[in-house]
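Presented below is the structure to which this report refers.
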Amino acid sequence: MFGFGKKNKGKAEQPAPEVEQATATPAQPAEQEKPAKTGFFGRLKERLSRTSSNISEGVASLVVGKKAIDADVLDELETQLLTADVGVDATM
């Protein structure tokens, strides 16, 4: 009735028709590509890199040109680290 697993004895193997190759020009990529959506880890990495660069720039600006580390430099360093950690609003 259904013919599952049976060989077709009556039909002869017919060769598959040849497919003509398309001579059209290749498809051009879209001119305006949509920006790829970044996942959770991509956003986290981006934000942490910004934070890291802000910390390093702040510390470098404090220490460059200073020959001795005194109380003022330590206070500025503490302020810079607190600001980078919890933000400006929480440190005031």
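In the structure tokens, the first chain shown is A, the next is B, and so on; residue numbers restart at 1 for each chain, and ligands run from 1 in the order shown.
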#### Entry: Selection near Val73 of chain A, 8 Å with only C-alpha atoms, sequence-local residues under 3 positions removed, as a PyMOL selection string
chain A and resi 62-63+69-70+76-77
### Query
Separation of atom CA of Val59 of chain A and atom CA of Leu81 of chain A, in Å?
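Taking atom CA of Val59 of chain A as the start and atom CA of Leu81 of chain A as the end point, the length is 8.4 Å.
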### Message
Given only C-alpha atoms as the basis, pick out the residue of A:Gly65, A:Ala71, A:Leu48, A:Glu57 nearest to Asp85 of chain A.
### Response
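Among the listed residues, the smallest separation from Asp85 of chain A belongs to A:Leu48.
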